[in-house]
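**Student:** So that we are looking at the same thing, I have put the structure below in structure tokens.
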Amino acid sequence: MELNDSIRNIKGIGGKSEKLFNKLGIYTVEELLCFYPREYDVFGKIEPVSSLTEGRMVIIEAVLKYVPKVSASGNLKSVRAVFKDASGSVTAVWFNMPFMAKMLRMGTHYILRGRTVNRNGFLELVQAKILSRQEYANLTGRLQPVYHLTAGITVNAISKAVRTALKETDLNGDFLPADIRKENNLVSWKKAVCAIHFPEGKEECIQARRRLVFDEFFLFALALGQVKKTKNKIPSKYIMSKNAMPLKLAGSLPYKLTTAQQAVWQEIQQDMRSGNVMNRLVQGDVGSGKTIIALLALLMAAENGFQGAIMAPTEVLALQHYETFCALLEPLGIKTGLLTGSLTAAQKKKVYAQMASGELDIIAGTHALVQDKAEFKNLGLVVTDEQHRFGVKQREALYSKGNEPHMLVMSATPIPRTLAIILYGELDVSVIDVMPEGRKPVKNCVVGTNYRPQAYKFMQQEIEAGHQVYVICPMVDESENMEAENVTDYTQMLREKMPPETRVACLHGKMRPAQKNSIMEEFAAHKIDILVSTTVIEVGINVPSATVMMVENSERFGLAQLHQLRGRVGRGDAQSYCIFMAGNNSKEVMDRLSIIGNSNDGFYVAEQDLKMRGPGDFFGIRQSGELDFKLADIYQDADILVAANKAAARFGDKDIMELCKKHDKLKEKIMSYTGTIFL
Ligand code: ADP
Ligand code: MG
């Protein structure tokens, strides 16, 4: 079998399962082999029921005590059964598995493995697997791969296909030159691919991952080197000499720009005047005031007769930019338009026409901006907001809408400067490292679940004072349906706990975009007091009267993500609060959470988190999916990034071409990081 072959060639994969694999983005043997486990399951010891705490995968051995109860809410059927061991009892619950009720036998001993969750104050064991004694003995202590799944496909099906593919494909062609491998102590590609799927032990797994992470960074660095070359000092067609309007606007704002904002704004003006194309990354912590910088730059472009576009990762954020821009720019005679996916066809058509004719000076939008029909008259400046949500590819796609426009990239991801210089190699980096004056730092606390009643009382007080509250529930790995149920349940429970006039709403990933938008808009318009949500609210939204955020099971989030979440509060004049609720109070969890509890500085948080976990500790929680690496994590793998970048820097065009000749997939791979043609 060849790496390029369709997965249909793998024994056991027929037409039906092929479609399921396709759904996971797997078409070829190589794609299957590069479909890495999301994490590994390590089977621990059997625990006494009385020692269970919430939010963990646990194994118990217990007897079925009562006849299981079957119930239904909406289209979700559940089976609940009480199990007892010498120390106490616990309820196990299975969703959409009605057959469990018939399968379980009263008085029988079972070994159950599942996740503990808190349901209205009681621990429940969710979707537990029943293991035979033999299975348990075989699996204990081994690393079990866990894959992202889609309905109809199981971990076993993937494992089986991978096993067959590994056996029948020649994996000896290693694209990485031997000297680089040796210098960096990397295992062969073959070894890495085998071990990432079926590690013998933790050490082997770490070595495999190190090699594959190195590959990702190495290819990325090669690709970036190519982009950098093409971007270096291109003469610009959009030389902007006038800046009276932004100057006037900056002077009329209700606040003074911070020194950091002023410095960045100076750099941007210089870039746009310089005669060369601007390629600048503006990095600033959440709430540091990046939007106004984008607005000033776009206004400057407009004053000089050029169009500008700002692309945001969500519709809500795009709309918010649109509204901010209209409010500040309309009085100056500058016309802003909005282009998002949820506009009707007729509305879109109108915006397209206004963009093409030049009637609109500025267009705020989502990735709808990069679609084929979107054409500009004279696009001089492109801004991408909350960059970490876009790959280099999308950034390039918008860029290519114009004729080499200036480019400004905004990011709130706290990346140490040394890494930013590598990751955003083709960009100049500016940093907004000062917060607006008068901003009260968010007050944090890290608490156990017994604090919940007090937290609810506190939320109530804040709502009475005219403020709003976010409650964040963690992702549920098992399925999106369960995640939705979690959030819906929680919302229901809060409605009962809070005074009847409290308006509680929920938001989760299963909702349609239009529904999500309308809830976010209602929250922004203060028609909702408490918003219970999964991390779908994470990005960029600005609701200054929201002063409290409570994060349930905060131990299940990465610290960088918690920091982004926290950025939703503390955006106005009032004192804001963030309550990090820990589902278990082990020393490890508490130490990690105390980092975020004790600091509001995103850079510090990221740095401490990295120190604490140490490189190679990949059983930790994955950080935000920066730049769409599959395995690599820029914080955790910072040392590999530096090494891979160094290795790539030695490569001239000729070497890359040689490499590409030997491995026809390589060029494609490198391109996939950038979307640009090179060499
Ligand atoms: P972010 O950097 O996270 O995108 P925003 O640009 O949304 O932050 O700004 C957050 C809030 O701070 C907004 O309400 C904005 O009007 C306000 N703001 C921005 N700059 C200043 C400043 N220099 N002084 C006071 N408030 C400011
Ligand atoms: Mg922002």
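To be explicit about the labels: the chains of the structure tokens are called A, B, and onward in the order shown, and within each one the residues are counted from 1, while ligands get numbers from 1 in the order they are shown.
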Could you tell me, counting only C-alpha atoms and all ligand atoms, which protein and nucleic acid residues lie no more than 8 Å from ligand 2, written as a PyMOL selection string?

**Tutor:** chain A and resi 286-287+289-291+385-386+410+412+540-542

**Student:** How close does chain A get to ligand 1? List, as JSON lines, each residue of chain A within 10 Å, its nearest atom pair and the distance in Å to one decimal, counting only C-alpha atoms and all ligand atoms.

**Tutor:**
```
{"residue": "A:Ala250", "atom": "CA", "partner": "ligand 1", "partner_atom_place_in_ligand_line": "23 (N)", "distance": 9.8}
{"residue": "A:Leu253", "atom": "CA", "partner": "ligand 1", "partner_atom_place_in_ligand_line": "22 (C)", "distance": 8.9}
{"residue": "A:Pro254", "atom": "CA", "partner": "ligand 1", "partner_atom_place_in_ligand_line": "25 (C)", "distance": 7.8}
{"residue": "A:Tyr255", "atom": "CA", "partner": "ligand 1", "partner_atom_place_in_ligand_line": "24 (N)", "distance": 4.9}
{"residue": "A:Lys256", "atom": "CA", "partner": "ligand 1", "partner_atom_place_in_ligand_line": "23 (N)", "distance": 5.1}
{"residue": "A:Leu257", "atom": "CA", "partner": "ligand 1", "partner_atom_place_in_ligand_line": "23 (N)", "distance": 3.8}
{"residue": "A:Thr258", "atom": "CA", "partner": "ligand 1", "partner_atom_place_in_ligand_line": "23 (N)", "distance": 4.6}
{"residue": "A:Thr259", "atom": "CA", "partner": "ligand 1", "partner_atom_place_in_ligand_line": "23 (N)", "distance": 8.3}
{"residue": "A:Ala260", "atom": "CA", "partner": "ligand 1", "partner_atom_place_in_ligand_line": "23 (N)", "distance": 8.9}
{"residue": "A:Gln261", "atom": "CA", "partner": "ligand 1", "partner_atom_place_in_ligand_line": "23 (N)", "distance": 7.1}
{"residue": "A:Gln262", "atom": "CA", "partner": "ligand 1", "partner_atom_place_in_ligand_line": "23 (N)", "distance": 9.0}
{"residue": "A:Val282", "atom": "CA", "partner": "ligand 1", "partner_atom_place_in_ligand_line": "2 (O)", "distance": 9.6}
{"residue": "A:Gln283", "atom": "CA", "partner": "ligand 1", "partner_atom_place_in_ligand_line": "2 (O)", "distance": 8.5}
{"residue": "A:Gly284", "atom": "CA", "partner": "ligand 1", "partner_atom_place_in_ligand_line": "2 (O)", "distance": 5.9}
{"residue": "A:Asp285", "atom": "CA", "partner": "ligand 1", "partner_atom_place_in_ligand_line": "2 (O)", "distance": 6.1}
{"residue": "A:Val286", "atom": "CA", "partner": "ligand 1", "partner_atom_place_in_ligand_line": "3 (O)", "distance": 3.7}
{"residue": "A:Gly287", "atom": "CA", "partner": "ligand 1", "partner_atom_place_in_ligand_line": "3 (O)", "distance": 3.4}
{"residue": "A:Ser288", "atom": "CA", "partner": "ligand 1", "partner_atom_place_in_ligand_line": "2 (O)", "distance": 4.1}
{"residue": "A:Gly289", "atom": "CA", "partner": "ligand 1", "partner_atom_place_in_ligand_line": "6 (O)", "distance": 3.4}
{"residue": "A:Lys290", "atom": "CA", "partner": "ligand 1", "partner_atom_place_in_ligand_line": "2 (O)", "distance": 3.9}
{"residue": "A:Thr291", "atom": "CA", "partner": "ligand 1", "partner_atom_place_in_ligand_line": "6 (O)", "distance": 3.7}
{"residue": "A:Ile292", "atom": "CA", "partner": "ligand 1", "partner_atom_place_in_ligand_line": "6 (O)", "distance": 5.7}
{"residue": "A:Ile293", "atom": "CA", "partner": "ligand 1", "partner_atom_place_in_ligand_line": "6 (O)", "distance": 7.7}
{"residue": "A:Ala294", "atom": "CA", "partner": "ligand 1", "partner_atom_place_in_ligand_line": "6 (O)", "distance": 8.6}
{"residue": "A:Leu295", "atom": "CA", "partner": "ligand 1", "partner_atom_place_in_ligand_line": "6 (O)", "distance": 9.5}
{"residue": "A:Leu317", "atom": "CA", "partner": "ligand 1", "partner_atom_place_in_ligand_line": "7 (O)", "distance": 9.7}
{"residue": "A:Gln320", "atom": "CA", "partner": "ligand 1", "partner_atom_place_in_ligand_line": "7 (O)", "distance": 9.4}
{"residue": "A:His321", "atom": "CA", "partner": "ligand 1", "partner_atom_place_in_ligand_line": "7 (O)", "distance": 8.9}
{"residue": "A:Thr324", "atom": "CA", "partner": "ligand 1", "partner_atom_place_in_ligand_line": "16 (O)", "distance": 8.8}
{"residue": "A:Asp385", "atom": "CA", "partner": "ligand 1", "partner_atom_place_in_ligand_line": "4 (O)", "distance": 8.0}
{"residue": "A:Glu386", "atom": "CA", "partner": "ligand 1", "partner_atom_place_in_ligand_line": "4 (O)", "distance": 7.9}
{"residue": "A:Met410", "atom": "CA", "partner": "ligand 1", "partner_atom_place_in_ligand_line": "4 (O)", "distance": 8.1}
{"residue": "A:Ser411", "atom": "CA", "partner": "ligand 1", "partner_atom_place_in_ligand_line": "2 (O)", "distance": 8.3}
{"residue": "A:Ala412", "atom": "CA", "partner": "ligand 1", "partner_atom_place_in_ligand_line": "3 (O)", "distance": 6.8}
{"residue": "A:Ile432", "atom": "CA", "partner": "ligand 1", "partner_atom_place_in_ligand_line": "2 (O)", "distance": 8.5}
{"residue": "A:Val434", "atom": "CA", "partner": "ligand 1", "partner_atom_place_in_ligand_line": "23 (N)", "distance": 9.1}
{"residue": "A:Met435", "atom": "CA", "partner": "ligand 1", "partner_atom_place_in_ligand_line": "23 (N)", "distance": 7.5}
{"residue": "A:Pro436", "atom": "CA", "partner": "ligand 1", "partner_atom_place_in_ligand_line": "24 (N)", "distance": 4.2}
{"residue": "A:Glu437", "atom": "CA", "partner": "ligand 1", "partner_atom_place_in_ligand_line": "24 (N)", "distance": 5.7}
{"residue": "A:Gly438", "atom": "CA", "partner": "ligand 1", "partner_atom_place_in_ligand_line": "25 (C)", "distance": 7.4}
{"residue": "A:Arg439", "atom": "CA", "partner": "ligand 1", "partner_atom_place_in_ligand_line": "25 (C)", "distance": 7.6}
{"residue": "A:Val539", "atom": "CA", "partner": "ligand 1", "partner_atom_place_in_ligand_line": "3 (O)", "distance": 9.2}
{"residue": "A:Gly540", "atom": "CA", "partner": "ligand 1", "partner_atom_place_in_ligand_line": "3 (O)", "distance": 6.1}
{"residue": "A:Ile541", "atom": "CA", "partner": "ligand 1", "partner_atom_place_in_ligand_line": "7 (O)", "distance": 7.4}
{"residue": "A:Asn542", "atom": "CA", "partner": "ligand 1", "partner_atom_place_in_ligand_line": "7 (O)", "distance": 5.9}
{"residue": "A:Val543", "atom": "CA", "partner": "ligand 1", "partner_atom_place_in_ligand_line": "14 (O)", "distance": 8.1}
{"residue": "A:Pro544", "atom": "CA", "partner": "ligand 1", "partner_atom_place_in_ligand_line": "14 (O)", "distance": 6.7}
{"residue": "A:Gln564", "atom": "CA", "partner": "ligand 1", "partner_atom_place_in_ligand_line": "3 (O)", "distance": 9.3}
{"residue": "A:Gly567", "atom": "CA", "partner": "ligand 1", "partner_atom_place_in_ligand_line": "3 (O)", "distance": 7.2}
{"residue": "A:Arg568", "atom": "CA", "partner": "ligand 1", "partner_atom_place_in_ligand_line": "3 (O)", "distance": 8.5}
{"residue": "A:Gly570", "atom": "CA", "partner": "ligand 1", "partner_atom_place_in_ligand_line": "11 (C)", "distance": 9.0}
{"residue": "A:Arg571", "atom": "CA", "partner": "ligand 1", "partner_atom_place_in_ligand_line": "11 (C)", "distance": 5.5}
{"residue": "A:Gly572", "atom": "CA", "partner": "ligand 1", "partner_atom_place_in_ligand_line": "14 (O)", "distance": 6.6}
{"residue": "A:Asp573", "atom": "CA", "partner": "ligand 1", "partner_atom_place_in_ligand_line": "26 (N)", "distance": 9.2}
```

**Student:** Write out as a list of chain:residue names the set of residues from region 456-668 of chain A that DSSP, computed on the backbone, places in strand (DSSP E or B).

**Tutor:**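 Of region 456-668 of chain A, the ones in strand (DSSP E or B) are A:Gln468, A:Val469, A:Tyr470, A:Val471, A:Ile472, A:Val504, A:Ala505, A:Cys506, A:Leu507, A:Ile530, A:Leu531, A:Val532, A:Ser533, A:Ala546, A:Thr547, A:Val548, A:Met549, A:Met550, A:Val551, A:Tyr577, A:Cys578, A:Ile579, A:Phe580, A:Met581, A:Ala582.
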
**Student:** I'd like to know which of A:Met278, A:Ala327, A:Ala606, A:Leu24 is closest to Ala151 (chain A), using only C-alpha atoms.

**Tutor:** A:Leu24

**Student:** Calculate how many Å separate CA of Gln371 (chain A) from CA of Lys401 (chain A), rounding to one decimal.

**Tutor:**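 Separation of CA of Gln371 (chain A) and CA of Lys401 (chain A): 9.3 Å.
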
**Student:** Any idea what the distance is between CA of Ala161 (chain A) and CA of Gln127 (chain A)?

**Tutor:**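 Interatomic distance, CA of Ala161 (chain A) to CA of Gln127 (chain A): 25.2 Å.
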